[in-house]
Amino acid sequence: MRPSALLRSPGLGCILLGALAACGFAPLDWWPLSIACLAAWMAIVHRAPGLRSAMARGWLFGLGHFTVNNNWFQHAFDFQDKMPPVLGYVAAVALALYLAVYPMAAAGIAWRARGRAGPDFPYVLVFAAAWIATEWLRAVLFTGYAWNPLGVLWVPDQAIAHIASWIGTYALSGLTIAFAGMVLLLWRRRWWTASLALAVPLLLQPFGYRTRPAPTAPAAPRVRVVQPNIGNEARVNAAERSLETLIRLSGRPGPAPRLVVWPEGLVTDLLESGYPDYVYGDRRPYGLRARIADTLGSRDLLLTNAPRLTFDDRDRILAAGNSVLAIGPDADIHGIYDKAHLVPYGEYLPMPWLLKPLGLARLVPGDMDFTPGPGPRAIDWPGFGPVGIQVCYEIIFSGEVIDEAHRPRLIFNPSNDAWFGRWGPPQHLAQARMRAIEEGLPIVRATPTGISAIIAADGTLLATVPHETAGAIELPVPPALPPTLFSRVGNAMAAIIAALFFAAAIAIRRRRR
């Protein structure tokens, strides 16, 4: 579509620009296209005749952007018998209808700060600040939906992505908007900003590169990641097959201690002892743990996702937890983590009094909602130190993945990305890499069908098991880096950067008067 056509049909143009901008994320990684689309959208917003029109153009951009960005969302409905799969397409668009509110707000704020003679530097700065604020709100309101902040575009360019170790992902998103705005000013022949627009990526390179961790010794503790390639549809009545496959891929002990990690969603048996007998059936917890322990050496530890239950004083089930259990070579449980940031409509159904009569159910099979745990925690094990845990979706929340009082040596992220189609797994992996950069910590991902990975503390992929492939990867545990600026300050950095952008825009406006 020609630029003149975008201006003649701004509504359609905004939808198309938003959809194309989503192609900058994994798996396509066409981030230059995203920058161009953002620049064109900012121009269309500036030309809006009024505030309502500007906000409509922001909302339409968000509608196209989030519909494409979250297209994987439809696949989650393929595994819930209570709802037809076609409802997934409706749900993906319905989610985009809500998420588009945040670009709408950013566009409205930026339009109010526009220059009368056309887009100028203060307009760009206010747009960037507004984007930071609204993207952060998207991550926190109504339990938050932090999937694919704009800053994740830069994961393929690690030098720029490493700026997140200083300011975090949301502030990096604001810098992305600022860069797109400079491209817009370049197109408008604002030559005094042209050199800045072209130089920004180069200027950021020295700040982005960080000292790589020292190589690990051959006898250092090792981590083994298991990916059995068992999809959701293959798990029905297949608990024993899943367990046998996990055990087979776990390998055998060696001279160095091992941390063996299994994915989310495959161990459906109850592994804790002490529950009422009626919940176990013929699969007793100690026998299952003993089989798992047989794969471990005397200094090994295995982390697996498994369900947990709580009961009332009459032995009736009160609640379930989506948990990670640490099993040692003695077949005992040496630590437990309960997932804290649950997925609405996936692990619990909001407003069940309203939605259940309408025939809606949560996407994960079963009738019992999960209950949240207390938040980030670490499990200690001799030879490894504290191991932080974030289950699946929890890893996407910038600044919320570690216990600040007990900084871990690494983060284990078990996930069930078999729900996510083909676009979701690489996007989830990219966001895990951004958390590694922000926190200066290695991250180990184990998924049933991919993409499992060992990620260095600087975001580098050290090893992966490809999508829909069975296998295991094993390496020495990657070393952690010292705490980053972002790990110390957190998302206050986003507020600081946004405030600086607003202040600079006001100062420039006043100077011109």
# chains A, B, ... in the order shown; residues from 1 in each chain; ligands from 1
$ select_by_dssp --residues "range 215-342 of chain A" --states "strand (DSSP E or B)" --output "ChimeraX atom specification"
/A:222-227,258-261,301-311,317-327,333-338
$ residues_around --residues "Gly18 in chain A" --least-positions-apart "4" --cutoff "10 Å" --atoms "only C-alpha atoms" --output "short mmCIF file (atom, residue, chain, number, x, y, z; two decimals) with N, CA and C atoms, in the first residue's frame"
data_model
loop_
_atom_site.label_atom_id
_atom_site.label_comp_id
_atom_site.auth_asym_id
_atom_site.auth_seq_id
_atom_site.Cartn_x
_atom_site.Cartn_y
_atom_site.Cartn_z
N LEU A 12 -8.04 1.42 7.75
CA LEU A 12 -7.51 0.19 7.17
C LEU A 12 -5.99 0.18 7.24
N GLY A 13 -5.38 1.35 6.99
CA GLY A 13 -3.94 1.43 7.05
C GLY A 13 -3.39 1.07 8.42
N CYS A 14 -4.05 1.54 9.47
CA CYS A 14 -3.59 1.24 10.82
C CYS A 14 -3.70 -0.25 11.13
N ALA A 22 3.68 -6.86 13.79
CA ALA A 22 3.80 -8.08 14.60
C ALA A 22 4.79 -9.07 13.99
N CYS A 23 5.13 -8.91 12.73
CA CYS A 23 6.06 -9.83 12.09
C CYS A 23 7.50 -9.61 12.53
N SER A 34 8.97 -3.91 11.41
CA SER A 34 8.23 -3.36 12.55
C SER A 34 8.55 -1.89 12.75
N CYS A 37 6.80 0.15 10.13
CA CYS A 37 5.35 0.22 10.36
C CYS A 37 5.02 1.15 11.53
N LEU A 38 5.82 1.10 12.58
CA LEU A 38 5.60 1.99 13.71
C LEU A 38 5.76 3.45 13.29
N TRP A 41 2.71 4.47 11.31
CA TRP A 41 1.55 4.60 12.21
C TRP A 41 1.63 5.92 13.00
N GLY A 58 -5.09 4.48 17.03
CA GLY A 58 -4.28 3.66 17.93
C GLY A 58 -4.92 2.32 18.21
N TRP A 59 -6.23 2.34 18.40
CA TRP A 59 -6.95 1.09 18.71
C TRP A 59 -6.91 0.14 17.51
N LEU A 60 -7.10 0.67 16.30
CA LEU A 60 -7.08 -0.19 15.12
C LEU A 60 -5.70 -0.77 14.87
N PHE A 61 -4.66 0.02 15.12
CA PHE A 61 -3.30 -0.52 15.03
C PHE A 61 -3.14 -1.68 16.01
N GLY A 62 -3.57 -1.49 17.25
CA GLY A 62 -3.47 -2.55 18.24
C GLY A 62 -4.28 -3.78 17.86
N LEU A 63 -5.44 -3.58 17.27
CA LEU A 63 -6.27 -4.72 16.85
C LEU A 63 -5.52 -5.58 15.84
N GLY A 64 -4.94 -4.97 14.83
CA GLY A 64 -4.18 -5.74 13.85
C GLY A 64 -2.93 -6.37 14.46
N HIS A 65 -2.26 -5.60 15.32
CA HIS A 65 -1.01 -6.05 15.90
C HIS A 65 -1.21 -7.26 16.80
N PHE A 66 -2.16 -7.18 17.72
CA PHE A 66 -2.32 -8.25 18.69
C PHE A 66 -3.06 -9.46 18.11
N THR A 67 -3.87 -9.26 17.09
CA THR A 67 -4.49 -10.42 16.44
C THR A 67 -3.44 -11.30 15.80
N VAL A 68 -2.49 -10.70 15.10
CA VAL A 68 -1.41 -11.49 14.47
C VAL A 68 -0.44 -12.00 15.54
N ASN A 69 -0.08 -11.15 16.47
CA ASN A 69 0.91 -11.50 17.48
C ASN A 69 0.46 -12.67 18.34
#
$ closest_residue --among "A:Pro425, A:Gly335, A:Pro255, A:Gly181" --to "Ile35 in chain A" --atoms "only C-alpha atoms"
A:Gly181
$ closest_residue --among "A:Leu137, A:Ala128, A:Ala238, A:Ala161" --to "Ala430 in chain A" --atoms "only C-alpha atoms"
A:Ala161
$ atom_distance --atom1 "CA of Tyr393 in chain A" --atom2 "CA of Leu429 in chain A"
10.9 Å
$ residues_around --residues "Glu264 in chain A" --least-positions-apart "5" --cutoff "6 Å" --atoms "only C-alpha atoms" --output "ChimeraX atom specification"
/A:305,414-416
$ write_last_selection --atoms "C-alpha atoms" --output "PDB file, in the first residue's frame"
ATOM      1  CA  ASN A 305       6.331 -30.169  37.520  1.00  0.00           C
ATOM      2  CA  PRO A 414       9.298 -25.593  32.978  1.00  0.00           C
ATOM      3  CA  SER A 415       6.642 -24.867  30.386  1.00  0.00           C
ATOM      4  CA  ASN A 416       3.977 -26.605  28.366  1.00  0.00           C
TER       5      ASN A 416
END
$ closest_residue --among "A:Val267, A:Ile402, A:Ile292, A:Leu172" --to "Arg252 in chain A" --atoms "only C-alpha atoms"
A:Ile292
$ residues_around --residues "Leu99 in chain A" --least-positions-apart "2" --cutoff "8 Å" --atoms "only C-alpha atoms" --output "PyMOL selection string"
chain A and resi 62-63+66+95-97+101-103+138
$ closest_residue --among "A:Ala405, A:Ile508, A:Ala110, A:Ala100" --to "Glu135 in chain A" --atoms "only C-alpha atoms"
A:Ala100
$ residues_around --residues "Pro376 in chain A" --least-positions-apart "6" --cutoff "10 Å" --atoms "only C-alpha atoms" --output "VMD selection string"
chain A and resid 337 to 341 388 to 390 394 400 to 404 406
$ write_last_selection --atoms "N, CA and C atoms" --output "mmCIF file, in the first residue's frame"
data_model
loop_
_atom_site.group_PDB
_atom_site.id
_atom_site.type_symbol
_atom_site.label_atom_id
_atom_site.label_comp_id
_atom_site.auth_asym_id
_atom_site.auth_seq_id
_atom_site.Cartn_x
_atom_site.Cartn_y
_atom_site.Cartn_z
ATOM 1 N N TYR A 337 7.932 -25.635 44.914
ATOM 2 C CA TYR A 337 7.553 -24.300 44.455
ATOM 3 C C TYR A 337 6.148 -24.377 43.883
ATOM 4 N N ASP A 338 5.267 -23.477 44.306
ATOM 5 C CA ASP A 338 3.898 -23.401 43.791
ATOM 6 C C ASP A 338 3.782 -22.195 42.867
ATOM 7 N N LYS A 339 3.322 -22.424 41.659
ATOM 8 C CA LYS A 339 3.177 -21.340 40.683
ATOM 9 C C LYS A 339 2.307 -20.235 41.260
ATOM 10 N N ALA A 340 2.796 -18.996 41.145
ATOM 11 C CA ALA A 340 2.100 -17.865 41.756
ATOM 12 C C ALA A 340 1.267 -17.074 40.756
ATOM 13 N N HIS A 341 1.800 -16.886 39.542
ATOM 14 C CA HIS A 341 1.105 -16.057 38.551
ATOM 15 C C HIS A 341 0.339 -16.983 37.604
ATOM 16 N N GLY A 388 16.195 -20.747 41.247
ATOM 17 C CA GLY A 388 14.899 -20.081 41.127
ATOM 18 C C GLY A 388 14.000 -20.825 40.160
ATOM 19 N N ILE A 389 12.698 -20.670 40.319
ATOM 20 C CA ILE A 389 11.729 -21.379 39.481
ATOM 21 C C ILE A 389 10.638 -20.408 39.036
ATOM 22 N N GLN A 390 10.317 -20.456 37.768
ATOM 23 C CA GLN A 390 9.190 -19.741 37.186
ATOM 24 C C GLN A 390 8.502 -20.698 36.228
ATOM 25 N N GLU A 394 4.906 -17.472 33.775
ATOM 26 C CA GLU A 394 5.487 -16.559 34.758
ATOM 27 C C GLU A 394 6.747 -15.876 34.235
ATOM 28 N N GLU A 400 9.720 -9.562 37.778
ATOM 29 C CA GLU A 400 8.945 -10.318 38.758
ATOM 30 C C GLU A 400 9.371 -11.778 38.848
ATOM 31 N N VAL A 401 10.600 -12.103 38.439
ATOM 32 C CA VAL A 401 10.950 -13.513 38.278
ATOM 33 C C VAL A 401 11.900 -14.056 39.342
ATOM 34 N N ILE A 402 12.432 -13.205 40.218
ATOM 35 C CA ILE A 402 13.338 -13.727 41.243
ATOM 36 C C ILE A 402 12.944 -13.217 42.617
ATOM 37 N N ASP A 403 13.368 -13.958 43.624
ATOM 38 C CA ASP A 403 13.234 -13.542 45.016
ATOM 39 C C ASP A 403 14.417 -12.630 45.324
ATOM 40 N N GLU A 404 14.160 -11.332 45.461
ATOM 41 C CA GLU A 404 15.251 -10.374 45.624
ATOM 42 C C GLU A 404 16.068 -10.637 46.886
ATOM 43 N N HIS A 406 16.823 -13.555 48.033
ATOM 44 C CA HIS A 406 17.540 -14.821 47.911
ATOM 45 C C HIS A 406 17.832 -15.047 46.425
#
$ closest_residue --among "A:Val93, A:Val124, A:Val183, A:Ala480" --to "Gly440 in chain A" --atoms "only C-alpha atoms"
A:Ala480
$ residues_around --residues "range 259-262 of chain A" --least-positions-apart "6" --cutoff "6 Å" --atoms "only C-alpha atoms" --output "PyMOL selection string"
chain A and resi 223-226+300-304+446
$ residues_around --residues "Pro32 in chain A" --least-positions-apart "5" --cutoff "12 Å" --atoms "only C-alpha atoms" --output "PyMOL selection string"
chain A and resi 20-25+37-39+153-154+156-157+176+179-180+183+201
$ write_last_selection --atoms "N, CA and C atoms" --output "CSV table (one decimal), in the first residue's frame"
chain,number,residue,atom,x,y,z
A,20,LEU,N,1.4,-6.0,10.3
A,20,LEU,CA,2.8,-6.2,9.7
A,20,LEU,C,3.8,-6.0,10.8
A,21,ALA,N,3.6,-5.0,11.7
A,21,ALA,CA,4.5,-4.8,12.8
A,21,ALA,C,4.7,-6.0,13.7
A,22,ALA,N,3.7,-6.9,13.8
A,22,ALA,CA,3.8,-8.1,14.6
A,22,ALA,C,4.8,-9.1,14.0
A,23,CYS,N,5.1,-8.9,12.7
A,23,CYS,CA,6.1,-9.8,12.1
A,23,CYS,C,7.5,-9.6,12.5
A,24,GLY,N,7.7,-8.6,13.3
A,24,GLY,CA,9.1,-8.3,13.9
A,24,GLY,C,9.5,-9.3,15.0
A,25,PHE,N,8.5,-9.9,15.6
A,25,PHE,CA,8.7,-10.9,16.7
A,25,PHE,C,9.0,-12.3,16.1
A,37,CYS,N,6.8,0.1,10.1
A,37,CYS,CA,5.3,0.2,10.4
A,37,CYS,C,5.0,1.1,11.5
A,38,LEU,N,5.8,1.1,12.6
A,38,LEU,CA,5.6,2.0,13.7
A,38,LEU,C,5.8,3.4,13.3
A,39,ALA,N,6.8,3.7,12.5
A,39,ALA,CA,7.0,5.1,12.0
A,39,ALA,C,5.8,5.6,11.2
A,153,LEU,N,11.5,-7.2,20.4
A,153,LEU,CA,11.9,-7.2,19.0
A,153,LEU,C,13.4,-7.3,18.8
A,154,TRP,N,14.2,-6.8,19.8
A,154,TRP,CA,15.6,-6.7,19.7
A,154,TRP,C,16.4,-8.0,20.1
A,156,PRO,N,17.0,-10.7,18.5
A,156,PRO,CA,18.0,-11.1,17.5
A,156,PRO,C,19.3,-10.2,17.5
A,157,ASP,N,19.2,-8.9,17.9
A,157,ASP,CA,20.3,-8.1,17.9
A,157,ASP,C,20.7,-7.9,19.4
A,176,THR,N,12.5,1.9,21.5
A,176,THR,CA,12.1,1.4,20.2
A,176,THR,C,11.1,2.4,19.5
A,179,PHE,N,13.1,5.4,18.4
A,179,PHE,CA,13.9,5.1,17.2
A,179,PHE,C,13.0,5.2,15.9
A,180,ALA,N,11.8,4.5,16.1
A,180,ALA,CA,10.8,4.6,14.9
A,180,ALA,C,10.4,6.0,14.6
A,183,VAL,N,13.0,7.7,12.6
A,183,VAL,CA,12.9,7.3,11.2
A,183,VAL,C,11.8,8.1,10.5
A,201,PRO,N,21.4,2.9,16.8
A,201,PRO,CA,21.8,1.5,17.0
A,201,PRO,C,23.3,1.3,17.2
$ closest_residue --among "A:Val465, A:Ala139, A:Leu271, A:Ala219" --to "Pro257 in chain A" --atoms "only C-alpha atoms"
A:Ala219
$ atom_distance --atom1 "CA of Ala436 in chain A" --atom2 "CA of Asp458 in chain A"
6.3 Å
